[in-house]
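This is start-v9.txt (compact mmCIF, C-alpha atoms).
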# COMPACT_ATOMS: atom_id res chain seq x y z
CA MET A 1 14.55 -52.84 41.66
CA LYS A 2 11.84 -55.42 42.08
CA LYS A 3 9.48 -52.76 43.44
CA ILE A 4 10.04 -50.45 40.44
CA LYS A 5 9.39 -53.35 38.05
CA GLU A 6 6.18 -54.18 39.88
CA ILE A 7 4.99 -50.53 39.70
CA TRP A 8 5.83 -50.44 35.98
CA ASP A 9 3.93 -53.67 35.29
CA ASN A 10 0.85 -52.48 37.18
CA ASN A 11 0.77 -48.94 35.74
CA ARG A 12 2.41 -49.27 32.31
CA ILE A 13 -0.56 -47.83 30.37
CA LEU A 14 -0.86 -44.92 32.81
CA PHE A 15 2.84 -44.06 32.42
CA ILE A 16 2.66 -44.19 28.61
CA LEU A 17 -0.47 -41.99 28.52
CA SER A 18 1.12 -39.54 30.98
CA PHE A 19 4.20 -39.31 28.75
CA ILE A 20 2.05 -38.68 25.64
CA ILE A 21 0.03 -35.96 27.45
CA LEU A 22 3.23 -34.32 28.72
CA ALA A 23 4.72 -34.34 25.18
CA CYS A 24 1.52 -32.79 23.78
CA LEU A 25 1.51 -30.06 26.44
CA VAL A 26 5.15 -29.20 25.73
CA THR A 27 4.42 -29.05 21.97
CA VAL A 28 1.36 -26.81 22.48
CA ALA A 29 3.35 -24.51 24.78
CA ILE A 30 6.17 -24.17 22.24
CA VAL A 31 3.70 -23.41 19.41
CA CYS A 32 1.83 -20.83 21.53
CA VAL A 33 4.99 -19.03 22.56
CA THR A 34 6.31 -18.80 19.00
CA MET A 35 2.95 -17.70 17.55
CA PHE A 36 2.02 -15.08 20.15
CA PHE A 37 5.34 -13.81 21.47
CA GLY A 38 7.93 -14.56 18.81
CA GLY A 39 8.33 -13.47 15.25
CA ASN A 40 8.06 -10.03 13.68
CA LYS A 41 7.82 -7.03 16.00
CA SER A 42 6.24 -4.75 13.36
CA PRO A 43 2.49 -4.11 13.73
CA TYR A 44 2.19 -4.57 9.95
CA GLY A 45 3.87 -7.97 9.88
CA ASP A 46 5.69 -8.52 6.60
CA ARG A 47 3.30 -6.40 4.48
CA LEU A 48 5.79 -3.51 4.37
CA ASP A 49 8.78 -5.55 3.26
CA GLY A 50 10.58 -3.71 0.46
CA MET A 51 8.98 -0.33 1.20
CA GLU A 52 12.40 1.22 1.87
CA GLU A 53 13.04 1.59 -1.86
CA HIS A 54 9.63 3.29 -2.34
CA ALA A 55 9.76 5.64 0.64
CA LEU A 56 8.19 9.05 -0.01
CA LYS A 57 11.01 11.58 -0.05
CA ASP A 58 10.83 14.99 1.61
CA GLU A 59 11.26 16.81 -1.70
CA ASP A 60 8.25 14.90 -3.08
CA LYS A 61 6.21 15.92 -0.04
CA GLU A 62 7.28 19.52 -0.56
CA GLY A 63 6.28 19.26 -4.23
CA ILE A 64 2.78 18.13 -3.23
CA ILE A 65 2.49 20.92 -0.67
CA SER A 66 3.70 23.62 -3.06
CA LYS A 67 1.34 22.43 -5.82
CA LEU A 68 -1.64 22.59 -3.48
CA LYS A 69 -0.62 25.96 -2.04
CA GLU A 70 -0.66 27.48 -5.53
CA SER A 71 -4.36 28.04 -4.90
CA ASP A 72 -4.99 31.13 -2.79
CA THR A 73 -7.87 29.40 -0.95
CA VAL A 74 -5.57 26.78 0.62
CA THR A 75 -4.43 27.85 4.09
CA ASN A 76 -2.61 24.75 5.33
CA VAL A 77 -1.42 21.42 3.88
CA ASP A 78 -0.05 18.44 5.77
CA VAL A 79 1.40 15.38 4.01
CA ARG A 80 2.45 12.28 5.93
CA THR A 81 2.83 8.57 5.29
CA GLN A 82 1.92 5.64 7.46
CA GLY A 83 2.41 2.12 6.20
CA LYS A 84 1.32 2.07 2.56
CA ILE A 85 -0.88 5.17 2.79
CA ILE A 86 -0.14 8.81 1.96
CA TYR A 87 -2.35 11.10 4.05
CA ILE A 88 -2.97 14.58 2.64
CA ARG A 89 -4.83 17.02 4.90
CA ILE A 90 -5.86 20.31 3.29
CA GLU A 91 -7.45 23.28 5.04
CA PHE A 92 -9.33 25.81 2.92
CA ASN A 93 -10.68 29.31 3.38
CA ASN A 94 -13.78 30.57 1.57
CA VAL A 95 -14.12 27.82 -1.07
CA THR A 96 -16.95 25.62 -2.30
CA LEU A 97 -16.84 21.87 -1.87
CA ASP A 98 -16.60 21.16 -5.61
CA ARG A 99 -13.72 23.61 -6.03
CA ALA A 100 -11.92 22.07 -3.03
CA LYS A 101 -12.20 18.61 -4.63
CA GLU A 102 -10.70 19.99 -7.87
CA ILE A 103 -7.79 21.54 -5.99
CA ALA A 104 -7.14 18.31 -4.08
CA GLY A 105 -7.14 16.37 -7.35
CA THR A 106 -4.25 18.48 -8.65
CA ALA A 107 -1.98 16.72 -6.15
CA LEU A 108 -2.22 13.57 -8.29
CA GLU A 109 -0.45 15.43 -11.10
CA VAL A 110 2.66 15.87 -8.96
CA ILE A 111 2.74 12.44 -7.32
CA ASN A 112 5.13 10.11 -9.12
CA ASP A 113 3.60 7.02 -10.80
CA ASP A 114 5.96 4.86 -8.74
CA TYR A 115 4.27 6.13 -5.56
CA LYS A 116 0.80 5.74 -7.07
CA SER A 117 1.52 2.07 -7.75
CA VAL A 118 2.60 1.41 -4.15
CA TYR A 119 0.66 3.82 -1.91
CA ASP A 120 -3.03 4.44 -1.36
CA ILE A 121 -3.78 8.17 -1.10
CA HIS A 122 -6.24 9.51 1.48
CA TYR A 123 -7.49 13.08 1.49
CA THR A 124 -9.10 15.10 4.26
CA LEU A 125 -10.53 18.45 3.17
CA ILE A 126 -11.58 20.96 5.82
CA SER A 127 -13.17 24.37 5.43
CA ALA A 128 -14.78 26.62 7.99
CA GLY A 129 -18.09 28.14 6.96
CA THR A 130 -18.30 31.77 5.95
CA GLU A 131 -21.14 34.03 4.88
CA GLU A 132 -20.56 33.17 1.21
CA VAL A 133 -20.03 29.38 1.45
CA ALA A 134 -20.93 26.58 3.82
CA GLY A 135 -18.19 24.82 5.74
CA PHE A 136 -17.37 21.17 5.23
CA THR A 137 -15.19 18.29 6.28
CA ILE A 138 -14.92 15.54 3.71
CA MET A 139 -12.63 12.58 3.13
CA GLY A 140 -11.63 10.89 -0.09
CA ALA A 141 -9.37 8.07 -1.18
CA LYS A 142 -7.59 6.74 -4.23
CA ASN A 143 -6.27 3.23 -3.98
CA ILE A 144 -3.54 1.60 -6.03
CA ASN A 145 -5.92 0.04 -8.56
CA ARG A 146 -8.02 3.12 -9.33
CA SER A 147 -7.29 6.30 -11.20
CA ILE A 148 -9.97 8.48 -9.58
CA ILE A 149 -10.58 9.81 -6.10
CA VAL A 150 -13.69 8.46 -4.39
CA TRP A 151 -15.26 10.99 -1.99
CA ASN A 152 -17.54 10.20 0.91
CA ASN A 153 -20.73 12.15 1.43
CA ASN A 154 -21.12 12.70 5.15
CA ASN A 155 -21.86 16.42 5.16
CA PRO A 156 -25.27 17.29 6.56
CA MET A 157 -27.70 18.35 3.89
CA PRO A 158 -30.00 21.30 4.57
CA GLU A 159 -33.58 20.38 5.35
CA PRO A 160 -35.93 21.07 2.46
CA SER A 161 -38.28 23.88 3.29
CA THR A 162 -41.95 23.10 3.17
CA GLU A 163 -43.59 26.31 2.14
CA GLU A 164 -47.33 26.25 1.69

Structure rendered as structure tokens:
Amino acid sequence: MKKIKEIWDNNRILFILSFIILACLVTVAIVCVTMFFGGNKSPYGDRLDGMEEHALKDEDKEGIISKLKESDTVTNVDVRTQGKIIYIRIEFNNVTLDRAKEIAGTALEVINDDYKSVYDIHYTLISAGTEEVAGFTIMGAKNINRSIIVWNNNNPMPEPSTEE
């Protein structure tokens, strides 16, 4: 017992510092494990909490598809949801870009206001080129706070001819 008391007296500060360092390491390890490995398993975290009551129903998807297929230039429509986004992919045949945008905009008439206030809507319009019209692939989006569809402009423009 005398030997232990002598070691304690000689190395008291070292023992206290070692205990503090060990406590800090244990605390850091616990925090790291809970932050990186524990918690929610969803890739979206808690952003989708309460989405069950706003889930897009199959009959609503069918309503969007049938509305878009009313146009004879639409060949295929795919509607799917992921997170808080409704993806609408429309394939056209022999249609101009402006007309395709008008047809895609008609889908907003069928989508319930409840869905418009929860989901962003993303469009992908695809058309193969024919002799009458040029082909295109264009994407557009309408977020919760807007009432219009914003289209990107990534289609290649024809080179202006320099005739002399």

I'd like to know which of A:Cys24, A:Met1, A:Ala128, A:Ile111 is closest to Thr73 of chain A, using only C-alpha atoms.
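Smallest separation from Thr73 of chain A among the options: A:Ala128.
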
If we count only C-alpha atoms, what is near Glu131 of chain A at a cut-off of 10 Å, once residues fewer than 3 positions away on the same chain are taken out, given as number ranges by chain?
A: 94, 134-135

In Å, with one decimal, what is the gap from atom CA of Gly63 of chain A to atom CA of Ile88 of chain A?
12.4 Å

Can you tell me, as a list in words, what residues are no more than 10 Å from Leu56 of chain A when counting all atoms listed in the file, ignoring any on the same chain fewer than 4 positions away?
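My list of contacting residues is Met51, Glu52, Asp60, Lys61, Arg80, Thr81, Ile86, Ile111, Asn112, Asp114, Tyr115 and Tyr119 of chain A.
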
For segment 131-144 of chain A, take all atoms listed in the file, fit an axis-aligned box around them, add 6 Å to each of the six sides, then output centre and edge lengths in Å rounded to one decimal, as AutoDock Vina command-line options.
--center_x -12.3 --center_y 17.8 --center_z 0.1 --size_x 29.6 --size_y 44.4 --size_z 24.3

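Going from atom CA of Ile149 of chain A over to atom CA of Gly105 of chain A, you cover 7.5 Å.
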
Compare A:Thr106, A:Arg99, A:Arg12, A:Ile90 by their minimum atom-to-atom distance to Met139 of chain A, counting all atoms listed in the file, and give me the closest one.
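Residue with the minimum atom-to-atom distance to Met139 of chain A: A:Ile90.
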
Would you mind telling me which residue in A:Asn145, A:Ser127, A:Lys5, A:Glu70 lies nearest to Asp98 of chain A when using only C-alpha atoms?
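Of all the options, A:Ser127 lies closest to Asp98 of chain A.
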
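Polymer residues near (-9.8, 15.6, -3.2): counting all atoms listed in the file with a cut-off of 10 Å, they are Ile88, Arg89, Ile90, Leu97, Asp98, Arg99, Ala100, Lys101, Glu102, Ile103, Ala104, Gly105, Thr106, Ala107, Leu108, Ile121, His122, Tyr123, Thr124, Leu125, Ile138, Met139, Gly140, Ala141, Lys142, Ile148, Ile149, Val150 and Trp151 of chain A.
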
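Minimum atom-to-atom distances from A:Phe136, A:Phe15, A:Thr27, A:Val79 to Glu59 of chain A were compared using all atoms listed in the file, and the lowest value belongs to A:Val79.
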
Under the rule that all atoms listed in the file are counted, which of A:Glu6, A:Asp46, A:Glu53, A:Glu62 is the nearest residue to Val118 of chain A?
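Once distances to Val118 of chain A are computed over all atoms listed in the file, the minimum belongs to A:Glu53.
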
Separation of atom CA of Lys67 of chain A and atom CA of Val110 of chain A, in Å?
7.4 Å

So, counting only C-alpha atoms, which residue among A:Val95, A:Ile65, A:Leu22, A:Ile144 is closest to Asp120 of chain A?
A:Ile144
